[in-house]
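Just run13.pdb here, PDB, C-alpha atoms:
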MODEL        1
ATOM      1  CA  MET A 994      18.725  -1.613 -12.901  1.00  0.00           C
ATOM      2  CA  ARG A 995      15.318  -2.368 -11.455  1.00  0.00           C
ATOM      3  CA  SER A 996      12.821   0.181 -10.194  1.00  0.00           C
ATOM      4  CA  TRP A 997      13.350  -1.068  -6.619  1.00  0.00           C
ATOM      5  CA  ASP A 998      16.984   0.051  -6.827  1.00  0.00           C
ATOM      6  CA  TYR A 999      15.694   3.636  -6.486  1.00  0.00           C
ATOM      7  CA  ALA A1000      12.651   3.408  -4.203  1.00  0.00           C
ATOM      8  CA  GLU A1001      12.562   2.693  -0.473  1.00  0.00           C
ATOM      9  CA  ALA A1002       8.780   2.247  -0.449  1.00  0.00           C
ATOM     10  CA  VAL A1003       5.642   2.430  -2.567  1.00  0.00           C
ATOM     11  CA  THR A1004       2.539   4.044  -1.104  1.00  0.00           C
ATOM     12  CA  ILE A1005      -1.041   3.856  -2.336  1.00  0.00           C
ATOM     13  CA  GLY A1006      -4.449   4.954  -1.177  1.00  0.00           C
ATOM     14  CA  VAL A1007      -7.540   2.760  -1.315  1.00  0.00           C
ATOM     15  CA  PHE A1008     -11.090   3.797  -0.483  1.00  0.00           C
ATOM     16  CA  GLU A1009     -12.162   2.393   2.875  1.00  0.00           C
ATOM     17  CA  ASN A1010     -15.324   0.873   1.404  1.00  0.00           C
ATOM     18  CA  ASN A1011     -13.363  -1.059  -1.271  1.00  0.00           C
ATOM     19  CA  ASP A1012     -12.794  -4.257   0.714  1.00  0.00           C
ATOM     20  CA  ILE A1013     -11.820  -6.327  -2.336  1.00  0.00           C
ATOM     21  CA  ALA A1014      -8.985  -3.981  -3.355  1.00  0.00           C
ATOM     22  CA  HIS A1015      -7.854  -3.545   0.257  1.00  0.00           C
ATOM     23  CA  GLU A1016      -7.546  -7.308   0.747  1.00  0.00           C
ATOM     24  CA  CYS A1017      -5.799  -7.697  -2.611  1.00  0.00           C
ATOM     25  CA  TYR A1018      -3.135  -5.132  -1.706  1.00  0.00           C
ATOM     26  CA  LYS A1019      -2.624  -6.754   1.702  1.00  0.00           C
ATOM     27  CA  LYS A1020      -2.085 -10.145   0.031  1.00  0.00           C
ATOM     28  CA  ILE A1021       0.809  -8.796  -2.023  1.00  0.00           C
ATOM     29  CA  GLY A1022       2.465  -7.219   1.017  1.00  0.00           C
ATOM     30  CA  PHE A1023       1.053  -3.712   1.469  1.00  0.00           C
ATOM     31  CA  LYS A1024       0.411  -2.719   5.085  1.00  0.00           C
ATOM     32  CA  ASP A1025      -2.034  -0.163   6.449  1.00  0.00           C
ATOM     33  CA  LYS A1026      -0.276   3.043   7.387  1.00  0.00           C
ATOM     34  CA  GLU A1027      -3.079   5.463   8.311  1.00  0.00           C
ATOM     35  CA  VAL A1028      -6.646   6.430   7.499  1.00  0.00           C
ATOM     36  CA  THR A1029      -7.340   9.854   6.005  1.00  0.00           C
ATOM     37  CA  GLU A1030     -10.856  11.115   6.567  1.00  0.00           C
ATOM     38  CA  LYS A1031     -12.327  12.420   3.313  1.00  0.00           C
ATOM     39  CA  GLU A1032     -15.806  12.887   1.894  1.00  0.00           C
ATOM     40  CA  PRO A1033     -17.542  10.836   0.669  1.00  0.00           C
ATOM     41  CA  PHE A1034     -15.150   7.949   1.562  1.00  0.00           C
ATOM     42  CA  ASN A1035     -12.184   7.666   3.915  1.00  0.00           C
ATOM     43  CA  ILE A1036      -8.898   6.642   2.342  1.00  0.00           C
ATOM     44  CA  ILE A1037      -6.657   3.923   3.753  1.00  0.00           C
ATOM     45  CA  GLU A1038      -3.036   4.846   3.085  1.00  0.00           C
ATOM     46  CA  MET A1039      -0.977   1.697   2.483  1.00  0.00           C
ATOM     47  CA  GLU A1040       2.743   1.111   2.114  1.00  0.00           C
ATOM     48  CA  LEU A1041       4.986  -1.618   0.724  1.00  0.00           C
ATOM     49  CA  LYS A1042       8.560  -1.233   1.936  1.00  0.00           C
ATOM     50  CA  ARG A1043      11.445  -2.291  -0.251  1.00  0.00           C
ATOM     51  CA  GLU A1044      12.826  -4.807   2.230  1.00  0.00           C
ATOM     52  CA  ASP A1045       9.397  -6.446   2.641  1.00  0.00           C
ATOM     53  CA  PHE A1046       9.032  -6.780  -1.131  1.00  0.00           C
ATOM     54  CA  ILE A1047      12.518  -8.248  -1.547  1.00  0.00           C
ATOM     55  CA  LEU A1048      11.868 -10.798   1.215  1.00  0.00           C
ATOM     56  CA  GLN A1049       8.814 -12.043  -0.701  1.00  0.00           C
ATOM     57  CA  GLY A1050      10.814 -12.704  -3.867  1.00  0.00           C
TER      58      GLY A1050
ENDMDL
END
Let me see whether you can do it: turn the structure in this file into structure tokens.
Amino acid sequence: MRSWDYAEAVTIGVFENNDIAHECYKKIGFKDKEVTEKEPFNIIEMELKREDFILQG
């Protein structure tokens, strides 16, 4: 069995000022979910849903 057989989605957080990482995650299919305001940097919550990942394969 693969890991995706158990998970419906994977979520990550990336610092708002980290444009390189943010763009990298978007390129592999993660989508912005919400922004959490934190000090010193806001965090962009991102999500990759199982069905979106499988469609890429």
Requested in this report: Run the PyMOL selection byres ((chain A and resi 1008-1023) around 7) against the file shown and list the residues it catches, as a list in words.
Outcome: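 With the shown file as input, the PyMOL selection byres ((chain A and resi 1008-1023) around 7) matches Gly1006, Val1007, Lys1024, Asp1025, Phe1034, Asn1035, Ile1036, Ile1037, Met1039, Glu1040, Leu1041 and Phe1046 of chain A.
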Could you tell me how far CA of Glu1044 (chain A) sits from CA of Ala1002 (chain A), in Å to one decimal place?
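Straight-line distance from CA of Ala1002 (chain A) to CA of Glu1044 (chain A) works out to 8.6 Å.
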Original post:
Could you name the residues that touch Glu1038 (chain A) at 6 Å or less, counting all atoms listed in the file, but leaving out those on the same chain fewer than 6 positions away, as a list in words?
Top reply: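 Result of the neighbour search: Ile1005, Gly1006, Lys1026, Glu1027 and Val1028 of chain A.
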Could you give me the axis-aligned bounding box of region 1029-1040 of chain A, with 6 Å of padding per side, as centre plus edge lengths in Å to one decimal, as lines of an AutoDock Vina configuration file?
center_x = -7.4
center_y = 7.0
center_z = 3.6
size_x = 32.3
size_y = 23.8
size_z = 17.9
Would you kindly place N, CA, C and O atoms on region 1025-1048 of chain A and return the model as a PDB file, in the coordinates of the input?
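Below you can see result-v4.pdb, which holds the result:
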ATOM      1  N   ASP A1025      -1.327  -1.398   6.127  1.00  0.00           N
ATOM      2  CA  ASP A1025      -2.034  -0.163   6.449  1.00  0.00           C
ATOM      3  C   ASP A1025      -1.098   0.785   7.185  1.00  0.00           C
ATOM      4  O   ASP A1025      -0.381   0.370   8.100  1.00  0.00           O
ATOM      5  N   LYS A1026      -1.120   2.035   6.765  1.00  0.00           N
ATOM      6  CA  LYS A1026      -0.276   3.043   7.387  1.00  0.00           C
ATOM      7  C   LYS A1026      -1.117   4.021   8.204  1.00  0.00           C
ATOM      8  O   LYS A1026      -0.807   4.303   9.348  1.00  0.00           O
ATOM      9  N   GLU A1027      -2.187   4.545   7.605  1.00  0.00           N
ATOM     10  CA  GLU A1027      -3.079   5.463   8.311  1.00  0.00           C
ATOM     11  C   GLU A1027      -4.369   5.608   7.513  1.00  0.00           C
ATOM     12  O   GLU A1027      -4.435   5.242   6.344  1.00  0.00           O
ATOM     13  N   VAL A1028      -5.373   6.150   8.160  1.00  0.00           N
ATOM     14  CA  VAL A1028      -6.646   6.430   7.499  1.00  0.00           C
ATOM     15  C   VAL A1028      -6.827   7.945   7.426  1.00  0.00           C
ATOM     16  O   VAL A1028      -6.696   8.638   8.430  1.00  0.00           O
ATOM     17  N   THR A1029      -7.087   8.437   6.219  1.00  0.00           N
ATOM     18  CA  THR A1029      -7.340   9.854   6.005  1.00  0.00           C
ATOM     19  C   THR A1029      -8.838  10.044   5.821  1.00  0.00           C
ATOM     20  O   THR A1029      -9.439   9.409   4.947  1.00  0.00           O
ATOM     21  N   GLU A1030      -9.421  10.881   6.649  1.00  0.00           N
ATOM     22  CA  GLU A1030     -10.856  11.115   6.567  1.00  0.00           C
ATOM     23  C   GLU A1030     -11.158  12.087   5.441  1.00  0.00           C
ATOM     24  O   GLU A1030     -10.663  13.206   5.421  1.00  0.00           O
ATOM     25  N   LYS A1031     -11.932  11.621   4.473  1.00  0.00           N
ATOM     26  CA  LYS A1031     -12.327  12.420   3.313  1.00  0.00           C
ATOM     27  C   LYS A1031     -13.795  12.149   3.027  1.00  0.00           C
ATOM     28  O   LYS A1031     -14.341  11.121   3.392  1.00  0.00           O
ATOM     29  N   GLU A1032     -14.424  13.072   2.351  1.00  0.00           N
ATOM     30  CA  GLU A1032     -15.806  12.887   1.894  1.00  0.00           C
ATOM     31  C   GLU A1032     -15.782  12.523   0.424  1.00  0.00           C
ATOM     32  O   GLU A1032     -15.000  13.095  -0.326  1.00  0.00           O
ATOM     33  N   PRO A1033     -16.538  11.606  -0.059  1.00  0.00           N
ATOM     34  CA  PRO A1033     -17.542  10.836   0.669  1.00  0.00           C
ATOM     35  C   PRO A1033     -16.987   9.564   1.314  1.00  0.00           C
ATOM     36  O   PRO A1033     -17.672   8.914   2.087  1.00  0.00           O
ATOM     37  N   PHE A1034     -15.717   9.181   1.004  1.00  0.00           N
ATOM     38  CA  PHE A1034     -15.150   7.949   1.562  1.00  0.00           C
ATOM     39  C   PHE A1034     -13.785   8.228   2.190  1.00  0.00           C
ATOM     40  O   PHE A1034     -12.981   8.977   1.624  1.00  0.00           O
ATOM     41  N   ASN A1035     -13.515   7.593   3.314  1.00  0.00           N
ATOM     42  CA  ASN A1035     -12.184   7.666   3.915  1.00  0.00           C
ATOM     43  C   ASN A1035     -11.204   6.902   3.032  1.00  0.00           C
ATOM     44  O   ASN A1035     -11.583   6.002   2.289  1.00  0.00           O
ATOM     45  N   ILE A1036      -9.938   7.279   3.144  1.00  0.00           N
ATOM     46  CA  ILE A1036      -8.898   6.642   2.342  1.00  0.00           C
ATOM     47  C   ILE A1036      -7.908   5.950   3.271  1.00  0.00           C
ATOM     48  O   ILE A1036      -7.392   6.555   4.205  1.00  0.00           O
ATOM     49  N   ILE A1037      -7.659   4.680   3.001  1.00  0.00           N
ATOM     50  CA  ILE A1037      -6.657   3.923   3.753  1.00  0.00           C
ATOM     51  C   ILE A1037      -5.334   4.075   3.013  1.00  0.00           C
ATOM     52  O   ILE A1037      -5.202   3.659   1.861  1.00  0.00           O
ATOM     53  N   GLU A1038      -4.371   4.707   3.656  1.00  0.00           N
ATOM     54  CA  GLU A1038      -3.036   4.846   3.085  1.00  0.00           C
ATOM     55  C   GLU A1038      -2.278   3.555   3.382  1.00  0.00           C
ATOM     56  O   GLU A1038      -2.226   3.100   4.528  1.00  0.00           O
ATOM     57  N   MET A1039      -1.691   2.965   2.337  1.00  0.00           N
ATOM     58  CA  MET A1039      -0.977   1.697   2.483  1.00  0.00           C
ATOM     59  C   MET A1039       0.446   1.862   1.973  1.00  0.00           C
ATOM     60  O   MET A1039       0.721   2.724   1.140  1.00  0.00           O
ATOM     61  N   GLU A1040       1.332   1.007   2.479  1.00  0.00           N
ATOM     62  CA  GLU A1040       2.743   1.111   2.114  1.00  0.00           C
ATOM     63  C   GLU A1040       3.341  -0.281   1.941  1.00  0.00           C
ATOM     64  O   GLU A1040       3.033  -1.205   2.688  1.00  0.00           O
ATOM     65  N   LEU A1041       4.195  -0.407   0.933  1.00  0.00           N
ATOM     66  CA  LEU A1041       4.986  -1.618   0.724  1.00  0.00           C
ATOM     67  C   LEU A1041       6.444  -1.193   0.755  1.00  0.00           C
ATOM     68  O   LEU A1041       6.905  -0.445  -0.122  1.00  0.00           O
ATOM     69  N   LYS A1042       7.153  -1.617   1.795  1.00  0.00           N
ATOM     70  CA  LYS A1042       8.560  -1.233   1.936  1.00  0.00           C
ATOM     71  C   LYS A1042       9.438  -2.137   1.077  1.00  0.00           C
ATOM     72  O   LYS A1042       9.127  -3.300   0.845  1.00  0.00           O
ATOM     73  N   ARG A1043      10.523  -1.571   0.631  1.00  0.00           N
ATOM     74  CA  ARG A1043      11.445  -2.291  -0.251  1.00  0.00           C
ATOM     75  C   ARG A1043      11.900  -3.615   0.359  1.00  0.00           C
ATOM     76  O   ARG A1043      11.865  -4.650  -0.290  1.00  0.00           O
ATOM     77  N   GLU A1044      12.307  -3.583   1.614  1.00  0.00           N
ATOM     78  CA  GLU A1044      12.826  -4.807   2.230  1.00  0.00           C
ATOM     79  C   GLU A1044      11.737  -5.869   2.360  1.00  0.00           C
ATOM     80  O   GLU A1044      12.025  -7.055   2.244  1.00  0.00           O
ATOM     81  N   ASP A1045      10.493  -5.471   2.568  1.00  0.00           N
ATOM     82  CA  ASP A1045       9.397  -6.446   2.641  1.00  0.00           C
ATOM     83  C   ASP A1045       9.143  -7.076   1.278  1.00  0.00           C
ATOM     84  O   ASP A1045       8.880  -8.265   1.161  1.00  0.00           O
ATOM     85  N   PHE A1046       9.236  -6.280   0.209  1.00  0.00           N
ATOM     86  CA  PHE A1046       9.032  -6.780  -1.131  1.00  0.00           C
ATOM     87  C   PHE A1046      10.148  -7.752  -1.516  1.00  0.00           C
ATOM     88  O   PHE A1046       9.901  -8.818  -2.073  1.00  0.00           O
ATOM     89  N   ILE A1047      11.379  -7.398  -1.206  1.00  0.00           N
ATOM     90  CA  ILE A1047      12.518  -8.248  -1.547  1.00  0.00           C
ATOM     91  C   ILE A1047      12.449  -9.570  -0.802  1.00  0.00           C
ATOM     92  O   ILE A1047      12.747 -10.628  -1.364  1.00  0.00           O
ATOM     93  N   LEU A1048      11.994  -9.559   0.444  1.00  0.00           N
ATOM     94  CA  LEU A1048      11.868 -10.798   1.215  1.00  0.00           C
ATOM     95  C   LEU A1048      10.840 -11.744   0.631  1.00  0.00           C
ATOM     96  O   LEU A1048      10.939 -12.952   0.778  1.00  0.00           O
TER      97      LEU A1048
END
